[in-house]
$ cat run_37.csv   # CSV, C-alpha atoms
chain,number,residue,atom,x,y,z
A,8,MET,CA,3.4,-75.1,255.4
A,9,PRO,CA,0.2,-75.1,257.5
A,10,GLU,CA,-2.4,-77.7,256.7
A,11,ARG,CA,-6.2,-77.8,257.1
A,12,GLY,CA,-7.9,-81.2,257.5
A,13,GLY,CA,-4.7,-82.9,256.5
A,14,VAL,CA,-4.7,-81.3,253.0
A,15,ASP,CA,-1.6,-79.4,251.9
A,16,THR,CA,-2.7,-75.8,251.2
A,17,ALA,CA,0.5,-74.6,249.6
A,18,PRO,CA,-0.3,-72.2,246.7
A,19,ARG,CA,-0.3,-73.8,243.3
A,20,PRO,CA,1.8,-72.1,240.6
A,21,ILE,CA,-0.3,-69.9,238.3
A,22,ASP,CA,0.3,-69.9,234.5
A,23,PRO,CA,0.2,-66.2,233.6
A,24,ARG,CA,-1.0,-66.8,230.1
A,25,ALA,CA,-3.8,-69.1,231.2
A,26,LEU,CA,-4.8,-66.5,233.9
A,27,ARG,CA,-4.7,-63.7,231.3
A,28,SER,CA,-7.0,-65.8,229.0
A,29,CYS,CA,-9.4,-66.4,232.0
A,30,MET,CA,-9.5,-62.7,232.9
A,31,GLY,CA,-10.2,-61.9,229.2
A,32,GLN,CA,-13.6,-63.5,229.6
A,33,PHE,CA,-14.6,-60.4,231.5
A,34,ALA,CA,-15.8,-57.9,228.9
A,35,THR,CA,-14.7,-54.3,229.4
A,36,GLY,CA,-14.9,-51.0,227.7
A,37,VAL,CA,-11.8,-49.5,226.1
A,38,THR,CA,-10.1,-46.3,227.1
A,39,VAL,CA,-7.1,-44.3,226.0
A,40,ILE,CA,-5.4,-42.5,228.9
A,41,THR,CA,-3.8,-39.2,227.7
A,42,CYS,CA,-1.7,-36.6,229.5
A,43,ARG,CA,0.6,-33.7,228.9
A,44,ARG,CA,3.9,-33.4,230.6
A,45,GLY,CA,5.7,-30.3,229.4
A,46,ASP,CA,5.9,-30.5,225.6
A,47,LEU,CA,5.1,-34.2,225.6
A,48,VAL,CA,1.6,-35.5,224.8
A,49,HIS,CA,1.3,-39.2,225.5
A,50,GLY,CA,-1.5,-41.8,225.3
A,51,THR,CA,-1.9,-45.4,226.0
A,52,THR,CA,-4.8,-47.9,225.5
A,53,VAL,CA,-6.2,-49.3,228.7
A,54,ASN,CA,-9.1,-51.6,229.5
A,55,ALA,CA,-8.4,-51.8,233.3
A,56,PHE,CA,-10.5,-48.8,234.2
A,57,THR,CA,-13.4,-48.5,236.6
A,58,SER,CA,-15.5,-46.1,238.6
A,59,VAL,CA,-14.6,-46.2,242.3
A,60,SER,CA,-16.8,-43.6,244.1
A,61,LEU,CA,-19.4,-40.9,243.4
A,62,ASP,CA,-18.8,-39.0,246.6
A,63,PRO,CA,-16.0,-38.0,246.3
A,64,PRO,CA,-15.9,-38.6,242.5
A,65,LEU,CA,-13.1,-41.1,242.0
A,66,ALA,CA,-12.0,-43.4,239.1
A,67,LEU,CA,-9.3,-46.0,238.9
A,68,VAL,CA,-6.9,-47.0,236.1
A,69,ALA,CA,-4.3,-49.8,236.4
A,70,LEU,CA,-1.0,-49.3,234.4
A,71,ASP,CA,2.0,-51.6,233.9
A,72,ARG,CA,4.6,-50.2,236.3
A,73,ARG,CA,7.2,-50.6,233.5
A,74,SER,CA,5.2,-48.5,231.0
A,75,ARG,CA,5.9,-45.0,230.0
A,76,ALA,CA,2.3,-44.0,230.9
A,77,GLY,CA,2.8,-45.4,234.3
A,78,ALA,CA,5.9,-43.3,234.9
A,79,LEU,CA,4.2,-40.2,233.6
A,80,LEU,CA,1.1,-40.7,235.8
A,81,ARG,CA,3.4,-41.1,238.8
A,82,GLU,CA,4.4,-37.5,238.2
A,83,ASN,CA,2.1,-34.9,239.7
A,84,GLY,CA,-0.2,-33.9,236.9
A,85,ASP,CA,-3.7,-34.3,235.5
A,86,TYR,CA,-4.7,-36.9,232.9
A,87,VAL,CA,-7.7,-37.7,230.7
A,88,VAL,CA,-9.6,-40.9,230.5
A,89,ASN,CA,-11.0,-41.2,226.9
A,90,ILE,CA,-13.8,-43.8,226.6
A,91,LEU,CA,-13.7,-44.9,223.0
A,92,ASP,CA,-16.6,-45.1,220.6
A,93,ALA,CA,-17.3,-48.4,218.8
A,94,SER,CA,-16.0,-46.9,215.6
A,95,GLN,CA,-12.6,-46.2,217.1
A,96,ARG,CA,-10.9,-49.5,216.9
A,97,ASP,CA,-8.0,-48.0,214.9
A,98,LEU,CA,-7.4,-45.5,217.7
A,99,ALA,CA,-7.3,-48.3,220.3
A,100,MET,CA,-4.7,-50.1,218.2
A,101,HIS,CA,-2.8,-46.9,217.5
A,102,PHE,CA,-2.2,-46.3,221.2
A,103,ALA,CA,-1.5,-50.0,221.8
A,104,GLY,CA,1.5,-49.8,219.4
A,105,ARG,CA,0.0,-50.2,215.9
A,106,PRO,CA,0.1,-46.7,214.3
A,107,MET,CA,-2.7,-45.8,212.0
A,108,ALA,CA,-2.2,-44.0,208.8
A,109,GLU,CA,-4.5,-41.1,209.6
A,110,PRO,CA,-3.6,-38.3,212.0
A,111,VAL,CA,-4.9,-38.7,215.6
A,112,PRO,CA,-8.1,-36.7,216.1
A,113,TRP,CA,-7.2,-34.5,219.0
A,114,VAL,CA,-9.2,-32.0,220.9
A,115,ASP,CA,-7.1,-29.2,222.5
A,116,GLU,CA,-3.9,-31.1,221.8
A,117,ASP,CA,-1.9,-28.0,222.8
A,118,GLY,CA,-3.8,-27.5,226.1
A,119,PRO,CA,-3.2,-29.0,229.5
A,120,HIS,CA,-5.8,-31.7,229.0
A,121,PRO,CA,-5.4,-33.2,225.5
A,122,ARG,CA,-8.3,-35.5,224.7
A,123,LEU,CA,-9.4,-37.5,221.7
A,124,ALA,CA,-12.3,-36.4,219.4
A,125,GLY,CA,-15.3,-38.6,218.8
A,126,THR,CA,-15.3,-40.5,222.1
A,127,VAL,CA,-18.5,-41.4,223.9
A,128,ALA,CA,-17.1,-39.8,227.1
A,129,HIS,CA,-14.0,-38.3,228.7
A,130,LEU,CA,-13.0,-37.6,232.3
A,131,VAL,CA,-10.3,-35.2,233.4
A,132,CYS,CA,-8.7,-36.7,236.6
A,133,ARG,CA,-6.3,-35.2,239.1
A,134,PRO,CA,-4.0,-37.7,241.0
A,135,TRP,CA,-5.6,-38.7,244.3
A,136,GLN,CA,-3.8,-41.9,245.4
A,137,ILE,CA,-1.5,-44.5,244.0
A,138,HIS,CA,-1.4,-48.1,245.2
A,139,ASP,CA,0.8,-51.1,244.6
A,140,GLY,CA,-0.8,-53.5,242.2
A,141,GLY,CA,1.9,-56.1,241.8
A,142,ASP,CA,3.3,-55.6,238.3
A,143,HIS,CA,0.9,-52.7,237.9
A,144,THR,CA,0.3,-49.5,239.7
A,145,LEU,CA,-3.3,-48.5,240.6
A,146,HIS,CA,-3.9,-44.9,240.0
A,147,ILE,CA,-7.0,-43.4,241.7
A,148,GLY,CA,-7.9,-40.1,240.3
A,149,SER,CA,-10.3,-37.4,241.5
A,150,VAL,CA,-12.7,-36.5,238.6
A,151,GLU,CA,-12.4,-32.8,238.0
A,152,GLU,CA,-14.6,-32.5,234.9
A,153,PHE,CA,-16.3,-34.9,232.5
A,154,GLU,CA,-18.5,-35.0,229.4
A,155,SER,CA,-20.4,-37.7,227.6
A,156,ARG,CA,-22.7,-38.2,224.6
A,157,PRO,CA,-25.1,-40.9,223.4
A,158,GLY,CA,-23.2,-43.6,221.5
A,159,ARG,CA,-22.0,-47.2,221.5
A,160,PRO,CA,-18.8,-47.9,223.4
A,161,LEU,CA,-15.9,-50.0,222.1
A,162,LEU,CA,-15.9,-53.3,223.8
A,163,PHE,CA,-13.0,-55.7,224.5
A,164,HIS,CA,-13.5,-59.4,225.2
A,165,GLY,CA,-11.2,-62.4,224.6
A,166,GLY,CA,-8.6,-60.4,222.8
A,167,ALA,CA,-11.1,-59.0,220.2
A,168,PHE,CA,-13.6,-56.2,219.8
A,169,PRO,CA,-17.1,-57.7,219.7
A,170,GLU,CA,-20.1,-55.7,218.6
A,171,LEU,CA,-22.6,-54.5,221.3
A,172,ALA,CA,-26.0,-56.0,220.6
A,173,PRO,CA,-28.9,-53.4,220.6
A,174,ASP,CA,-31.1,-53.4,223.7
A,175,ASP,CA,-34.7,-52.3,223.2
A,176,SER,CA,-35.7,-52.7,226.8
A,177,ALA,CA,-37.1,-49.6,228.4
A,178,VAL,CA,-35.8,-50.3,231.9
A,179,ALA,CA,-32.1,-49.6,232.7
A,180,TRP,CA,-30.4,-51.3,235.7
A,181,SER,CA,-29.1,-48.4,237.8
A,182,LEU,CA,-29.2,-49.7,241.4
A,183,CYS,CA,-27.1,-52.0,243.6
A,184,LEU,CA,-29.2,-54.9,244.9
A,185,ASP,CA,-27.9,-54.5,248.5
A,186,GLY,CA,-30.9,-53.8,250.7
A,187,MET,CA,-33.4,-55.2,248.1
A,188,ASN,CA,-35.8,-58.0,248.2
A,189,PRO,CA,-34.0,-61.0,246.5
A,190,VAL,CA,-37.3,-62.1,244.8
A,191,THR,CA,-38.9,-58.8,243.6
A,192,HIS,CA,-35.6,-56.8,243.5
A,193,LEU,CA,-37.5,-53.9,245.0
A,194,PRO,CA,-36.3,-51.9,248.0
A,195,VAL,CA,-37.1,-53.6,251.3
A,196,PRO,CA,-39.6,-51.3,253.2
A,197,GLU,CA,-38.6,-50.2,256.6
A,198,GLU,CA,-40.5,-51.6,259.5
A,199,PRO,CA,-43.2,-49.1,260.5
A,200,ASP,CA,-42.9,-47.6,263.9
A,201,GLU,CA,-45.0,-49.2,266.5
A,202,PRO,CA,-48.1,-46.9,267.0
A,203,ASP,CA,-48.5,-45.2,270.3
A,204,ARG,CA,-51.6,-46.9,271.7
A,205,THR,CA,-52.3,-44.0,274.1
A,206,ASP,CA,-53.1,-41.8,271.2
A,207,ARG,CA,-55.9,-44.0,269.8
A,208,THR,CA,-59.5,-42.8,270.1
A,209,ASP,CA,-62.2,-45.4,270.5
A,210,ARG,CA,-64.8,-44.2,267.9
A,211,THR,CA,-67.2,-47.2,268.4
A,212,GLY,CA,-70.7,-46.0,268.5
A,213,ASP,CA,-70.2,-42.7,266.6
$ encode --input "run_37.csv" --output "structure tokens"
Amino acid sequence: MPERGGVDTAPRPIDPRALRSCMGQFATGVTVITCRRGDLVHGTTVNAFTSVSLDPPLALVALDRRSRAGALLRENGDYVVNILDASQRDLAMHFAGRPMAEPVPWVDEDGPHPRLAGTVAHLVCRPWQIHDGGDHTLHIGSVEEFESRPGRPLLFHGGAFPELAPDDSAVAWSLCLDGMNPVTHLPVPEEPDEPDRTDRTDRTGD
């Protein structure tokens, strides 16, 4: 095994449970991925979801490669990312394997893009690329249509669903800090072009 500076750099074994606990410190939203394949309508709760690109519009979801949802999304067909409202904990648990007593509130359950009612947003995605993600597969979808409404999203952190604290600030962060002044966080102005001195007119004495 190669060494640097006389120190053994062999990888240390990772405890999967400890790593999962560590990763759980990153708070996420909660989604349910739904799809129709023939007569089957299937959904699964997923928090490994993120926006990838605006041009083209792409979103990524990671699914356990052994899961039924993973197998269904590997088939060529659209799917829906349902971003859950804070009031939809029961729905999150239902699609995670703990059925709720009430019927699932579907919108267009019989159509090609079955989605859940009452969510803060949904995105209809068409398969774009699939990548190897170890014990997961990374599904990048092209966003074909989407809709959102004002509301509070359901959050997941440390194995629980914490409440989102209200924010009364008037300014929303909407920019990447690349290319910004690290002190003021304002865009760094471009250097002005050097003026052409031959065009200057000496107006002294006017």
$ closest_residue --input "run_37.csv" --among "A:Ile21, A:Val48, A:Leu70, A:Leu80" --to "Trp113 in chain A" --atoms "only C-alpha atoms"
A:Val48
$ closest_residue --input "run_37.csv" --among "A:Val37, A:Cys42, A:Ala128, A:Val53" --to "Leu162 in chain A" --atoms "only C-alpha atoms"
A:Val37
$ residues_around --input "run_37.csv" --residues "Arg73 in chain A" --least-positions-apart "4" --cutoff "9 Å" --atoms "only C-alpha atoms" --output "PDB file with C-alpha atoms, in the coordinates of the input"
ATOM      1  CA  GLY A  77       2.800 -45.400 234.300  1.00  0.00           C
ATOM      2  CA  ALA A  78       5.900 -43.300 234.900  1.00  0.00           C
ATOM      3  CA  ASP A 142       3.300 -55.600 238.300  1.00  0.00           C
ATOM      4  CA  HIS A 143       0.900 -52.700 237.900  1.00  0.00           C
TER       5      HIS A 143
END
$ atom_distance --input "run_37.csv" --atom1 "CA of Pro157 in chain A" --atom2 "CA of Leu98 in chain A"
19.2 Å
$ residues_around --input "run_37.csv" --residues "Glu116 in chain A" --least-positions-apart "6" --cutoff "9 Å" --atoms "all atoms listed in the file" --output "list of chain:residue names"
A:Arg43, A:Val48, A:Arg122, A:Leu123
$ write_last_selection --input "run_37.csv" --atoms "C-alpha atoms" --output "PDB file, keeping the file's coordinate frame"
ATOM      1  CA  ARG A  43       0.600 -33.700 228.900  1.00  0.00           C
ATOM      2  CA  VAL A  48       1.600 -35.500 224.800  1.00  0.00           C
ATOM      3  CA  ARG A 122      -8.300 -35.500 224.700  1.00  0.00           C
ATOM      4  CA  LEU A 123      -9.400 -37.500 221.700  1.00  0.00           C
TER       5      LEU A 123
END
$ closest_residue --input "run_37.csv" --among "A:Glu170, A:Leu130, A:Glu154, A:His49" --to "Leu65 in chain A" --atoms "all atoms listed in the file"
A:Leu130
$ atom_distance --input "run_37.csv" --atom1 "CA of Asp85 in chain A" --atom2 "CA of Ala108 in chain A"
28.4 Å
$ atom_distance --input "run_37.csv" --atom1 "CA of Asp92 in chain A" --atom2 "CA of Val127 in chain A"
5.3 Å
$ closest_residue --input "run_37.csv" --among "A:Pro112, A:Gly148, A:Gly84, A:Pro106" --to "Cys132 in chain A" --atoms "all atoms listed in the file"
A:Gly148
$ closest_residue --input "run_37.csv" --among "A:Gly165, A:Thr38, A:Ser149, A:Arg24" --to "Ile90 in chain A" --atoms "all atoms listed in the file"
A:Thr38
$ closest_residue --input "run_37.csv" --among "A:Asp115, A:Leu145, A:Leu91, A:Glu152" --to "Ala69 in chain A" --atoms "all atoms listed in the file"
A:Leu145
$ residues_near_point --input "run_37.csv" --point "(3.4, -35.2, 245.9)" --cutoff "10 Å" --atoms "all atoms listed in the file" --output "JSON, numbers by chain"
{"A": [81, 82, 83, 84, 134, 135, 136]}
